[in-house]
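Shown next: structure-v7.tsv, given as TSV, N, CA, C and O atoms.
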chain	number	residue	atom	x	y	z
A	1	MET	N	190.59	208.15	4.15
A	1	MET	CA	190.68	206.72	3.96
A	1	MET	C	191.93	206.15	4.62
A	1	MET	O	191.89	205.08	5.21
A	2	SER	N	193.05	206.87	4.57
A	2	SER	CA	194.28	206.35	5.15
A	2	SER	C	194.17	206.25	6.67
A	2	SER	O	194.81	205.40	7.27
A	3	LYS	N	193.36	207.11	7.30
A	3	LYS	CA	193.18	207.03	8.75
A	3	LYS	C	192.49	205.72	9.11
A	3	LYS	O	192.87	205.08	10.09
A	4	ILE	N	191.50	205.33	8.34
A	4	ILE	CA	190.81	204.05	8.60
A	4	ILE	C	191.81	202.91	8.45
A	4	ILE	O	191.85	202.00	9.29
A	5	LEU	N	192.61	202.94	7.39
A	5	LEU	CA	193.62	201.90	7.18
A	5	LEU	C	194.57	201.85	8.37
A	5	LEU	O	194.81	200.79	8.94
A	6	ALA	N	195.11	202.99	8.75
A	6	ALA	CA	196.07	203.04	9.86
A	6	ALA	C	195.44	202.56	11.16
A	6	ALA	O	196.05	201.78	11.90
A	7	ASP	N	194.23	203.00	11.44
A	7	ASP	CA	193.54	202.58	12.67
A	7	ASP	C	193.31	201.08	12.69
A	7	ASP	O	193.52	200.42	13.71
A	8	ASN	N	192.87	200.53	11.55
A	8	ASN	CA	192.61	199.09	11.49
A	8	ASN	C	193.90	198.28	11.62
A	8	ASN	O	193.93	197.25	12.29
A	9	VAL	N	194.97	198.74	11.00
A	9	VAL	CA	196.24	198.03	11.10
A	9	VAL	C	196.74	198.05	12.54
A	9	VAL	O	197.15	197.02	13.08
A	10	ARG	N	196.65	199.19	13.19
A	10	ARG	CA	197.09	199.29	14.59
A	10	ARG	C	196.23	198.40	15.50
A	10	ARG	O	196.75	197.72	16.39
A	11	ARG	N	194.93	198.40	15.27
A	11	ARG	CA	194.02	197.57	16.07
A	11	ARG	C	194.34	196.09	15.87
A	11	ARG	O	194.44	195.33	16.84
A	12	LEU	N	194.52	195.68	14.62
A	12	LEU	CA	194.81	194.28	14.34
A	12	LEU	C	196.15	193.86	14.93
A	12	LEU	O	196.28	192.75	15.46
A	13	CYS	N	197.13	194.73	14.85
A	13	CYS	CA	198.43	194.42	15.46
A	13	CYS	C	198.27	194.23	16.96
A	13	CYS	O	198.82	193.28	17.53
A	14	LYS	N	197.52	195.11	17.58
A	14	LYS	CA	197.30	195.01	19.02
A	14	LYS	C	196.60	193.70	19.36
A	14	LYS	O	196.99	192.99	20.29
A	15	GLU	N	195.56	193.35	18.59
A	15	GLU	CA	194.82	192.11	18.83
A	15	GLU	C	195.71	190.88	18.67
A	15	GLU	O	195.53	189.88	19.35
A	16	GLN	N	196.68	190.98	17.76
A	16	GLN	CA	197.56	189.84	17.48
A	16	GLN	C	198.85	189.87	18.29
A	16	GLN	O	199.71	189.01	18.14
A	17	GLY	N	198.98	190.89	19.14
A	17	GLY	CA	200.17	191.00	19.97
A	17	GLY	C	201.43	191.36	19.19
A	17	GLY	O	202.53	191.02	19.60
A	18	LYS	N	201.24	192.06	18.08
A	18	LYS	CA	202.36	192.47	17.24
A	18	LYS	C	202.64	193.94	17.41
A	18	LYS	O	201.72	194.74	17.59
A	19	GLN	N	203.89	194.30	17.32
A	19	GLN	CA	204.27	195.70	17.22
A	19	GLN	C	204.39	196.03	15.75
A	19	GLN	O	204.52	195.14	14.90
A	20	MET	N	204.38	197.31	15.45
A	20	MET	CA	204.48	197.73	14.05
A	20	MET	C	205.78	197.24	13.42
A	20	MET	O	205.81	196.85	12.26
A	21	LYS	N	206.85	197.21	14.20
A	21	LYS	CA	208.13	196.73	13.65
A	21	LYS	C	208.04	195.23	13.32
A	21	LYS	O	208.67	194.77	12.37
A	22	ASP	N	207.23	194.48	14.08
A	22	ASP	CA	207.04	193.06	13.77
A	22	ASP	C	206.28	192.90	12.46
A	22	ASP	O	206.61	192.03	11.65
A	23	LEU	N	205.26	193.73	12.28
A	23	LEU	CA	204.49	193.69	11.03
A	23	LEU	C	205.40	194.02	9.85
A	23	LEU	O	205.37	193.33	8.83
A	24	ALA	N	206.21	195.05	10.00
A	24	ALA	CA	207.14	195.43	8.93
A	24	ALA	C	208.09	194.27	8.61
A	24	ALA	O	208.35	193.98	7.45
A	25	ALA	N	208.57	193.61	9.64
A	25	ALA	CA	209.48	192.47	9.43
A	25	ALA	C	208.76	191.35	8.70
A	25	ALA	O	209.33	190.72	7.78
A	26	ASP	N	207.50	191.08	9.08
A	26	ASP	CA	206.72	190.05	8.39
A	26	ASP	C	206.52	190.40	6.92
A	26	ASP	O	206.44	189.52	6.07
A	27	MET	N	206.43	191.70	6.64
A	27	MET	CA	206.23	192.17	5.27
A	27	MET	C	207.56	192.28	4.51
A	27	MET	O	207.57	192.55	3.32
A	28	ARG	N	208.65	192.16	5.22
A	28	ARG	CA	210.00	192.32	4.68
A	28	ARG	C	210.23	193.73	4.12
A	28	ARG	O	210.77	193.92	3.03
A	29	ILE	N	209.75	194.71	4.91
A	29	ILE	CA	210.01	196.11	4.56
A	29	ILE	C	210.55	196.83	5.79
A	29	ILE	O	210.43	196.34	6.92
A	30	ASP	N	211.10	197.98	5.57
A	30	ASP	CA	211.61	198.81	6.65
A	30	ASP	C	210.44	199.39	7.45
A	30	ASP	O	209.43	199.79	6.86
A	31	PRO	N	210.52	199.43	8.79
A	31	PRO	CA	209.44	200.01	9.59
A	31	PRO	C	209.07	201.43	9.18
A	31	PRO	O	207.89	201.81	9.21
A	32	ALA	N	210.05	202.21	8.75
A	32	ALA	CA	209.77	203.58	8.30
A	32	ALA	C	208.90	203.57	7.04
A	32	ALA	O	208.03	204.43	6.87
A	33	SER	N	209.10	202.59	6.18
A	33	SER	CA	208.28	202.48	4.97
A	33	SER	C	206.84	202.15	5.33
A	33	SER	O	205.90	202.67	4.72
A	34	LEU	N	206.65	201.30	6.32
A	34	LEU	CA	205.30	200.96	6.77
A	34	LEU	C	204.62	202.20	7.36
A	34	LEU	O	203.46	202.49	7.04
A	35	THR	N	205.34	202.94	8.15
A	35	THR	CA	204.79	204.16	8.74
A	35	THR	C	204.38	205.15	7.65
A	35	THR	O	203.30	205.73	7.71
A	36	ARG	N	205.23	205.32	6.66
A	36	ARG	CA	204.90	206.23	5.56
A	36	ARG	C	203.66	205.75	4.81
A	36	ARG	O	202.78	206.54	4.45
A	37	ALA	N	203.55	204.45	4.61
A	37	ALA	CA	202.39	203.90	3.89
A	37	ALA	C	201.11	204.15	4.67
A	37	ALA	O	200.07	204.47	4.09
A	38	LEU	N	201.17	204.01	5.98
A	38	LEU	CA	199.97	204.20	6.80
A	38	LEU	C	199.61	205.67	6.98
A	38	LEU	O	198.46	205.99	7.24
A	39	ASN	N	200.58	206.54	6.83
A	39	ASN	CA	200.32	207.97	7.01
A	39	ASN	C	200.08	208.70	5.69
A	39	ASN	O	199.78	209.88	5.69
A	40	GLY	N	200.21	208.00	4.59
A	40	GLY	CA	200.02	208.63	3.28
A	40	GLY	C	199.13	207.75	2.43
A	40	GLY	O	198.26	207.05	2.93
A	41	ASN	N	199.36	207.79	1.16
A	41	ASN	CA	198.59	206.96	0.23
A	41	ASN	C	199.35	205.68	-0.04
A	41	ASN	O	200.28	205.66	-0.84
A	42	ALA	N	198.95	204.63	0.64
A	42	ALA	CA	199.63	203.34	0.49
A	42	ALA	C	199.38	202.77	-0.90
A	42	ALA	O	198.27	202.86	-1.42
A	43	ARG	N	200.40	202.17	-1.47
A	43	ARG	CA	200.25	201.51	-2.77
A	43	ARG	C	199.47	200.22	-2.59
A	43	ARG	O	199.45	199.61	-1.51
A	44	LEU	N	198.83	199.77	-3.64
A	44	LEU	CA	198.02	198.57	-3.60
A	44	LEU	C	198.84	197.35	-3.18
A	44	LEU	O	198.39	196.54	-2.36
A	45	ASP	N	200.05	197.21	-3.70
A	45	ASP	CA	200.87	196.06	-3.32
A	45	ASP	C	201.26	196.10	-1.85
A	45	ASP	O	201.37	195.07	-1.20
A	46	THR	N	201.43	197.30	-1.29
A	46	THR	CA	201.75	197.42	0.13
A	46	THR	C	200.55	197.02	0.98
A	46	THR	O	200.70	196.31	1.98
A	47	VAL	N	199.37	197.44	0.57
A	47	VAL	CA	198.16	197.06	1.30
A	47	VAL	C	197.98	195.54	1.25
A	47	VAL	O	197.63	194.92	2.25
A	48	GLN	N	198.27	194.93	0.12
A	48	GLN	CA	198.18	193.48	0.00
A	48	GLN	C	199.16	192.80	0.94
A	48	GLN	O	198.83	191.81	1.60
A	49	LYS	N	200.36	193.32	1.04
A	49	LYS	CA	201.37	192.75	1.95
A	49	LYS	C	200.91	192.89	3.41
A	49	LYS	O	201.11	191.97	4.21
A	50	ILE	N	200.32	194.02	3.74
A	50	ILE	CA	199.81	194.23	5.10
A	50	ILE	C	198.73	193.20	5.40
A	50	ILE	O	198.75	192.54	6.45
A	51	ALA	N	197.78	193.05	4.48
A	51	ALA	CA	196.68	192.11	4.68
A	51	ALA	C	197.20	190.69	4.84
A	51	ALA	O	196.76	189.96	5.74
A	52	THR	N	198.12	190.31	4.01
A	52	THR	CA	198.69	188.96	4.08
A	52	THR	C	199.40	188.74	5.40
A	52	THR	O	199.21	187.70	6.05
A	53	ALA	N	200.20	189.71	5.81
A	53	ALA	CA	200.96	189.58	7.06
A	53	ALA	C	200.03	189.51	8.28
A	53	ALA	O	200.36	188.86	9.27
A	54	LEU	N	198.88	190.17	8.19
A	54	LEU	CA	197.94	190.16	9.31
A	54	LEU	C	196.90	189.04	9.19
A	54	LEU	O	196.11	188.81	10.11
A	55	GLY	N	196.88	188.37	8.05
A	55	GLY	CA	195.94	187.27	7.85
A	55	GLY	C	194.50	187.72	7.70
A	55	GLY	O	193.58	187.05	8.15
A	56	VAL	N	194.32	188.88	7.05
A	56	VAL	CA	192.97	189.42	6.83
A	56	VAL	C	192.81	189.79	5.37
A	56	VAL	O	193.78	189.81	4.61
A	57	SER	N	191.59	190.12	4.98
A	57	SER	CA	191.35	190.55	3.61
A	57	SER	C	191.73	192.03	3.45
A	57	SER	O	191.73	192.78	4.43
A	58	MET	N	192.04	192.41	2.24
A	58	MET	CA	192.32	193.82	1.98
A	58	MET	C	191.09	194.66	2.31
A	58	MET	O	191.21	195.75	2.86
A	59	LYS	N	189.93	194.15	1.96
A	59	LYS	CA	188.69	194.88	2.21
A	59	LYS	C	188.53	195.23	3.69
A	59	LYS	O	188.14	196.33	4.04
A	60	SER	N	188.85	194.28	4.56
A	60	SER	CA	188.66	194.51	5.99
A	60	SER	C	189.56	195.63	6.52
A	60	SER	O	189.23	196.24	7.53
A	61	LEU	N	190.65	195.90	5.84
A	61	LEU	CA	191.54	196.98	6.28
A	61	LEU	C	190.93	198.36	6.06
A	61	LEU	O	191.36	199.33	6.67
A	62	PHE	N	189.92	198.43	5.19
A	62	PHE	CA	189.31	199.72	4.86
A	62	PHE	C	187.90	199.87	5.41
A	62	PHE	O	187.23	200.86	5.15
A	63	GLU	N	187.44	198.88	6.18
A	63	GLU	CA	186.10	198.97	6.74
A	63	GLU	C	186.13	199.75	8.04
A	63	GLU	O	186.87	199.40	8.96
A	64	PRO	N	185.34	200.81	8.12
A	64	PRO	CA	185.31	201.56	9.37
A	64	PRO	C	184.67	200.71	10.46
A	64	PRO	O	183.74	199.94	10.20
A	65	LEU	N	185.22	200.82	11.64
A	65	LEU	CA	184.64	200.09	12.75
A	65	LEU	C	183.37	200.78	13.20
A	65	LEU	O	183.22	201.99	13.07
A	66	GLY	N	182.46	200.01	13.71
A	66	GLY	CA	181.23	200.57	14.24
A	66	GLY	C	181.50	201.40	15.49
A	66	GLY	O	182.64	201.54	15.93
A	67	ASP	N	180.45	201.90	16.05
A	67	ASP	CA	180.59	202.73	17.23
A	67	ASP	C	180.80	201.90	18.50
A	67	ASP	O	181.04	202.44	19.56
A	68	VAL	N	180.70	200.57	18.37
A	68	VAL	CA	180.82	199.69	19.51
A	68	VAL	C	181.66	198.49	19.09
A	68	VAL	O	181.50	197.96	18.00
A	69	GLU	N	182.55	198.06	19.95
A	69	GLU	CA	183.29	196.84	19.72
A	69	GLU	C	183.79	196.32	21.05
A	69	GLU	O	183.96	197.08	22.00
A	70	GLY	N	183.95	195.03	21.14
A	70	GLY	CA	184.46	194.46	22.38
A	70	GLY	C	184.15	192.99	22.51
A	70	GLY	O	183.93	192.29	21.52
A	71	TYR	N	184.12	192.55	23.75
A	71	TYR	CA	183.86	191.15	24.07
A	71	TYR	C	182.75	191.10	25.11
A	71	TYR	O	182.61	192.00	25.93
A	72	ILE	N	181.99	190.03	25.07
A	72	ILE	CA	180.93	189.83	26.04
A	72	ILE	C	180.92	188.35	26.42
A	72	ILE	O	181.11	187.48	25.58
A	73	ARG	N	180.74	188.09	27.70
A	73	ARG	CA	180.64	186.71	28.15
A	73	ARG	C	179.17	186.41	28.38
A	73	ARG	O	178.47	187.12	29.08
A	74	ILE	N	178.71	185.35	27.74
A	74	ILE	CA	177.34	184.88	27.92
A	74	ILE	C	177.46	183.44	28.39
A	74	ILE	O	177.91	182.57	27.63
A	75	GLY	N	177.10	183.21	29.63
A	75	GLY	CA	177.31	181.89	30.21
A	75	GLY	C	178.79	181.63	30.32
A	75	GLY	O	179.53	182.44	30.87
A	76	GLU	N	179.22	180.53	29.78
A	76	GLU	CA	180.64	180.16	29.84
A	76	GLU	C	181.42	180.56	28.59
A	76	GLU	O	182.61	180.34	28.52
A	77	ARG	N	180.73	181.12	27.60
A	77	ARG	CA	181.39	181.46	26.33
A	77	ARG	C	181.66	182.95	26.23
A	77	ARG	O	180.88	183.77	26.72
A	78	VAL	N	182.75	183.29	25.58
A	78	VAL	CA	183.11	184.68	25.33
A	78	VAL	C	182.97	184.94	23.83
A	78	VAL	O	183.46	184.16	23.01
A	79	TYR	N	182.29	186.02	23.50
A	79	TYR	CA	182.05	186.38	22.10
A	79	TYR	C	182.67	187.75	21.83
A	79	TYR	O	182.66	188.63	22.69
A	80	GLN	N	183.17	187.91	20.61
A	80	GLN	CA	183.66	189.21	20.16
A	80	GLN	C	182.61	189.84	19.27
A	80	GLN	O	181.97	189.16	18.49
A	81	PHE	N	182.44	191.16	19.40
A	81	PHE	CA	181.56	191.88	18.49
A	81	PHE	C	182.27	193.13	18.01
A	81	PHE	O	183.10	193.69	18.71
A	82	ASN	N	181.98	193.51	16.76
A	82	ASN	CA	182.67	194.64	16.13
A	82	ASN	C	181.73	195.80	15.78
A	82	ASN	O	182.18	196.80	15.26
A	83	ASN	N	180.45	195.62	16.04
A	83	ASN	CA	179.51	196.70	15.79
A	83	ASN	C	178.25	196.47	16.61
A	83	ASN	O	178.08	195.41	17.23
A	84	LYS	N	177.39	197.44	16.60
A	84	LYS	CA	176.17	197.38	17.40
A	84	LYS	C	175.28	196.21	17.01
A	84	LYS	O	174.73	195.52	17.86
A	85	GLN	N	175.16	195.95	15.71
A	85	GLN	CA	174.30	194.86	15.25
A	85	GLN	C	174.80	193.52	15.74
A	85	GLN	O	174.02	192.67	16.17
A	86	GLU	N	176.10	193.30	15.69
A	86	GLU	CA	176.65	192.04	16.19
A	86	GLU	C	176.37	191.88	17.69
A	86	GLU	O	176.05	190.79	18.15
A	87	LEU	N	176.49	192.97	18.44
A	87	LEU	CA	176.19	192.92	19.86
A	87	LEU	C	174.73	192.58	20.10
A	87	LEU	O	174.40	191.72	20.92
A	88	LEU	N	173.84	193.22	19.35
A	88	LEU	CA	172.42	192.94	19.50
A	88	LEU	C	172.10	191.50	19.15
A	88	LEU	O	171.29	190.84	19.82
A	89	ASN	N	172.74	190.95	18.12
A	89	ASN	CA	172.55	189.55	17.76
A	89	ASN	C	172.99	188.63	18.88
A	89	ASN	O	172.34	187.62	19.16
A	90	LEU	N	174.09	188.99	19.55
A	90	LEU	CA	174.56	188.16	20.65
A	90	LEU	C	173.63	188.24	21.85
A	90	LEU	O	173.38	187.23	22.52
A	91	ILE	N	173.10	189.39	22.11
A	91	ILE	CA	172.18	189.56	23.24
A	91	ILE	C	170.92	188.73	23.04
A	91	ILE	O	170.35	188.20	23.99
A	92	ASP	N	170.52	188.57	21.78
A	92	ASP	CA	169.31	187.81	21.47
A	92	ASP	C	169.52	186.29	21.54
A	92	ASP	O	168.59	185.53	21.32
A	93	LEU	N	170.76	185.85	21.79
A	93	LEU	CA	171.03	184.39	21.83
A	93	LEU	C	170.19	183.69	22.85
A	93	LEU	O	169.96	183.84	23.90

Target format structure tokens, applied to this file:
Amino acid sequence: MSKILADNVRRLCKEQGKQMKDLAADMRIDPASLTRALNGNARLDTVQKIATALGVSMKSLFEPLGDVEGYIRIGERVYQFNNKQELLNLIDL
């Protein structure tokens, strides 16, 4: 479970243009504490701080990503998809 959390946090930071040290600063914790939380069993309050700092739900931090994710341009619009079903829905537009 902690691998999913760590992967999602790293992905979200990358999407938001944040480094892990920036996330730690937003959470008002030491970067080493954030690293320990992501590599071990993070406490509930720490997960809440991560979610708040990233502007996402706690639940989304523990959702495994599908086997497909990315962006697709259809006409003049660009869409993001996070799993195969979302991609298929976009293709059917």

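Between atom CA of Leu38 of chain A and atom CA of Leu12 of chain A the interatomic distance comes to 13.5 Å.
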
Using only C-alpha atoms, determine which residues lie at most 12 Å from segment 66-79 of chain A, disregarding the query and same-chain residues fewer than 2 positions distant; provide the list as a PyMOL selection string.
chain A and resi 4+8+11+15+63-64+81-93

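Our summary of the geometry notes that atom CA of Ala51 of chain A is positioned 18.0 Å from atom C of Leu65 of chain A.
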
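Using only C-alpha atoms, the smallest distance between any of A:Phe62, A:Lys14, A:Ala32, A:Ala24 and Lys49 of chain A comes from A:Ala24.
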
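Here atom CA of Ile50 of chain A and atom CA of Met27 of chain A stand 6.7 Å from one another.
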
Return as a ChimeraX atom specification the full set of residues in chain A whose backbone-based DSSP assignment is alpha helix (DSSP H).
/A:2-16,20-27,31-39,44-54,58-61,84-91

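Minimum atom-to-atom distance to Gly55 of chain A, evaluated using only C-alpha atoms, belongs to A:Gln16 out of A:Asn41, A:Gln16, A:Gln80, A:Ser33.
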
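The residues of segment 1-91 of chain A that DSSP assigns to strand (DSSP E or B) on this backbone come out as Gly70, Tyr71, Ile72, Arg73, Ile74, Arg77, Val78, Tyr79, Gln80 and Phe81 of chain A.
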
Would you put the residues from that selection into a file with N, CA, C and O atoms, as a short mmCIF file (atom, residue, chain, number, x, y, z; two decimals), in the coordinates of the input?
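Printed below is part02.cif as written:
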data_model
loop_
_atom_site.label_atom_id
_atom_site.label_comp_id
_atom_site.auth_asym_id
_atom_site.auth_seq_id
_atom_site.Cartn_x
_atom_site.Cartn_y
_atom_site.Cartn_z
N GLY A 70 183.95 195.03 21.14
CA GLY A 70 184.46 194.46 22.38
C GLY A 70 184.15 192.99 22.51
O GLY A 70 183.93 192.29 21.52
N TYR A 71 184.12 192.55 23.75
CA TYR A 71 183.86 191.15 24.07
C TYR A 71 182.75 191.10 25.11
O TYR A 71 182.61 192.00 25.93
N ILE A 72 181.99 190.03 25.07
CA ILE A 72 180.93 189.83 26.04
C ILE A 72 180.92 188.35 26.42
O ILE A 72 181.11 187.48 25.58
N ARG A 73 180.74 188.09 27.70
CA ARG A 73 180.64 186.71 28.15
C ARG A 73 179.17 186.41 28.38
O ARG A 73 178.47 187.12 29.08
N ILE A 74 178.71 185.35 27.74
CA ILE A 74 177.34 184.88 27.92
C ILE A 74 177.46 183.44 28.39
O ILE A 74 177.91 182.57 27.63
N ARG A 77 180.73 181.12 27.60
CA ARG A 77 181.39 181.46 26.33
C ARG A 77 181.66 182.95 26.23
O ARG A 77 180.88 183.77 26.72
N VAL A 78 182.75 183.29 25.58
CA VAL A 78 183.11 184.68 25.33
C VAL A 78 182.97 184.94 23.83
O VAL A 78 183.46 184.16 23.01
N TYR A 79 182.29 186.02 23.50
CA TYR A 79 182.05 186.38 22.10
C TYR A 79 182.67 187.75 21.83
O TYR A 79 182.66 188.63 22.69
N GLN A 80 183.17 187.91 20.61
CA GLN A 80 183.66 189.21 20.16
C GLN A 80 182.61 189.84 19.27
O GLN A 80 181.97 189.16 18.49
N PHE A 81 182.44 191.16 19.40
CA PHE A 81 181.56 191.88 18.49
C PHE A 81 182.27 193.13 18.01
O PHE A 81 183.10 193.69 18.71
#

I need every residue sitting at most 7 Å from the point (195.2, 199.9, 5.8) (coordinates as in the file, all atoms listed in the file considered), written as a list in words.
Met1, Ser2, Ile4, Leu5, Ala6, Asp7, Asn8, Val9, Ala37, Leu38, Val47, Met58, Leu61 and Phe62 of chain A

What would segment 31-41 of chain A look like with all heavy atoms restored, written as a PDB file, in the coordinates of the input?
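Produced file part_12.pdb, reproduced below:
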ATOM      1  N   PRO A  31     210.520 199.430   8.790  1.00  0.00           N
ATOM      2  CA  PRO A  31     209.440 200.010   9.590  1.00  0.00           C
ATOM      3  C   PRO A  31     209.070 201.430   9.180  1.00  0.00           C
ATOM      4  O   PRO A  31     207.890 201.810   9.210  1.00  0.00           O
ATOM      5  CB  PRO A  31     209.979 199.976  11.020  1.00  0.00           C
ATOM      6  CG  PRO A  31     210.959 198.843  11.024  1.00  0.00           C
ATOM      7  CD  PRO A  31     211.577 198.865   9.641  1.00  0.00           C
ATOM      8  N   ALA A  32     210.050 202.210   8.750  1.00  0.00           N
ATOM      9  CA  ALA A  32     209.770 203.580   8.300  1.00  0.00           C
ATOM     10  C   ALA A  32     208.900 203.570   7.040  1.00  0.00           C
ATOM     11  O   ALA A  32     208.030 204.430   6.870  1.00  0.00           O
ATOM     12  CB  ALA A  32     211.065 204.345   8.057  1.00  0.00           C
ATOM     13  N   SER A  33     209.100 202.590   6.180  1.00  0.00           N
ATOM     14  CA  SER A  33     208.280 202.480   4.970  1.00  0.00           C
ATOM     15  C   SER A  33     206.840 202.150   5.330  1.00  0.00           C
ATOM     16  O   SER A  33     205.900 202.670   4.720  1.00  0.00           O
ATOM     17  CB  SER A  33     208.830 201.401   4.046  1.00  0.00           C
ATOM     18  OG  SER A  33     210.121 201.739   3.601  1.00  0.00           O
ATOM     19  N   LEU A  34     206.650 201.300   6.320  1.00  0.00           N
ATOM     20  CA  LEU A  34     205.300 200.960   6.770  1.00  0.00           C
ATOM     21  C   LEU A  34     204.620 202.200   7.360  1.00  0.00           C
ATOM     22  O   LEU A  34     203.460 202.490   7.040  1.00  0.00           O
ATOM     23  CB  LEU A  34     205.336 199.837   7.812  1.00  0.00           C
ATOM     24  CG  LEU A  34     204.001 199.453   8.433  1.00  0.00           C
ATOM     25  CD1 LEU A  34     203.006 198.999   7.372  1.00  0.00           C
ATOM     26  CD2 LEU A  34     204.199 198.366   9.480  1.00  0.00           C
ATOM     27  N   THR A  35     205.340 202.940   8.150  1.00  0.00           N
ATOM     28  CA  THR A  35     204.790 204.160   8.740  1.00  0.00           C
ATOM     29  C   THR A  35     204.380 205.150   7.650  1.00  0.00           C
ATOM     30  O   THR A  35     203.300 205.730   7.710  1.00  0.00           O
ATOM     31  CB  THR A  35     205.819 204.811   9.694  1.00  0.00           C
ATOM     32  OG1 THR A  35     206.115 203.876  10.735  1.00  0.00           O
ATOM     33  CG2 THR A  35     205.283 206.093  10.302  1.00  0.00           C
ATOM     34  N   ARG A  36     205.230 205.320   6.660  1.00  0.00           N
ATOM     35  CA  ARG A  36     204.900 206.230   5.560  1.00  0.00           C
ATOM     36  C   ARG A  36     203.660 205.750   4.810  1.00  0.00           C
ATOM     37  O   ARG A  36     202.780 206.540   4.450  1.00  0.00           O
ATOM     38  CB  ARG A  36     206.079 206.368   4.592  1.00  0.00           C
ATOM     39  CG  ARG A  36     207.164 207.308   5.079  1.00  0.00           C
ATOM     40  CD  ARG A  36     208.169 207.644   3.981  1.00  0.00           C
ATOM     41  NE  ARG A  36     208.810 206.460   3.407  1.00  0.00           N
ATOM     42  CZ  ARG A  36     209.898 205.878   3.905  1.00  0.00           C
ATOM     43  NH1 ARG A  36     210.456 206.346   4.992  1.00  0.00           N
ATOM     44  NH2 ARG A  36     210.413 204.824   3.313  1.00  0.00           N
ATOM     45  N   ALA A  37     203.550 204.450   4.610  1.00  0.00           N
ATOM     46  CA  ALA A  37     202.390 203.900   3.890  1.00  0.00           C
ATOM     47  C   ALA A  37     201.110 204.150   4.670  1.00  0.00           C
ATOM     48  O   ALA A  37     200.070 204.470   4.090  1.00  0.00           O
ATOM     49  CB  ALA A  37     202.587 202.411   3.635  1.00  0.00           C
ATOM     50  N   LEU A  38     201.170 204.010   5.980  1.00  0.00           N
ATOM     51  CA  LEU A  38     199.970 204.200   6.800  1.00  0.00           C
ATOM     52  C   LEU A  38     199.610 205.670   6.980  1.00  0.00           C
ATOM     53  O   LEU A  38     198.460 205.990   7.240  1.00  0.00           O
ATOM     54  CB  LEU A  38     200.159 203.543   8.171  1.00  0.00           C
ATOM     55  CG  LEU A  38     200.281 202.022   8.141  1.00  0.00           C
ATOM     56  CD1 LEU A  38     200.520 201.493   9.540  1.00  0.00           C
ATOM     57  CD2 LEU A  38     199.055 201.381   7.515  1.00  0.00           C
ATOM     58  N   ASN A  39     200.580 206.540   6.830  1.00  0.00           N
ATOM     59  CA  ASN A  39     200.320 207.970   7.010  1.00  0.00           C
ATOM     60  C   ASN A  39     200.080 208.700   5.690  1.00  0.00           C
ATOM     61  O   ASN A  39     199.780 209.880   5.690  1.00  0.00           O
ATOM     62  CB  ASN A  39     201.470 208.642   7.766  1.00  0.00           C
ATOM     63  CG  ASN A  39     201.534 208.170   9.197  1.00  0.00           C
ATOM     64  OD1 ASN A  39     200.518 207.820   9.788  1.00  0.00           O
ATOM     65  ND2 ASN A  39     202.720 208.130   9.758  1.00  0.00           N
ATOM     66  N   GLY A  40     200.210 208.000   4.590  1.00  0.00           N
ATOM     67  CA  GLY A  40     200.020 208.630   3.280  1.00  0.00           C
ATOM     68  C   GLY A  40     199.130 207.750   2.430  1.00  0.00           C
ATOM     69  O   GLY A  40     198.260 207.050   2.930  1.00  0.00           O
ATOM     70  N   ASN A  41     199.360 207.790   1.160  1.00  0.00           N
ATOM     71  CA  ASN A  41     198.590 206.960   0.230  1.00  0.00           C
ATOM     72  C   ASN A  41     199.350 205.680  -0.040  1.00  0.00           C
ATOM     73  O   ASN A  41     200.280 205.660  -0.840  1.00  0.00           O
ATOM     74  CB  ASN A  41     198.344 207.716  -1.084  1.00  0.00           C
ATOM     75  CG  ASN A  41     197.405 208.878  -0.897  1.00  0.00           C
ATOM     76  OD1 ASN A  41     196.474 208.791  -0.101  1.00  0.00           O
ATOM     77  ND2 ASN A  41     197.629 209.958  -1.615  1.00  0.00           N
TER      78      ASN A  41
END
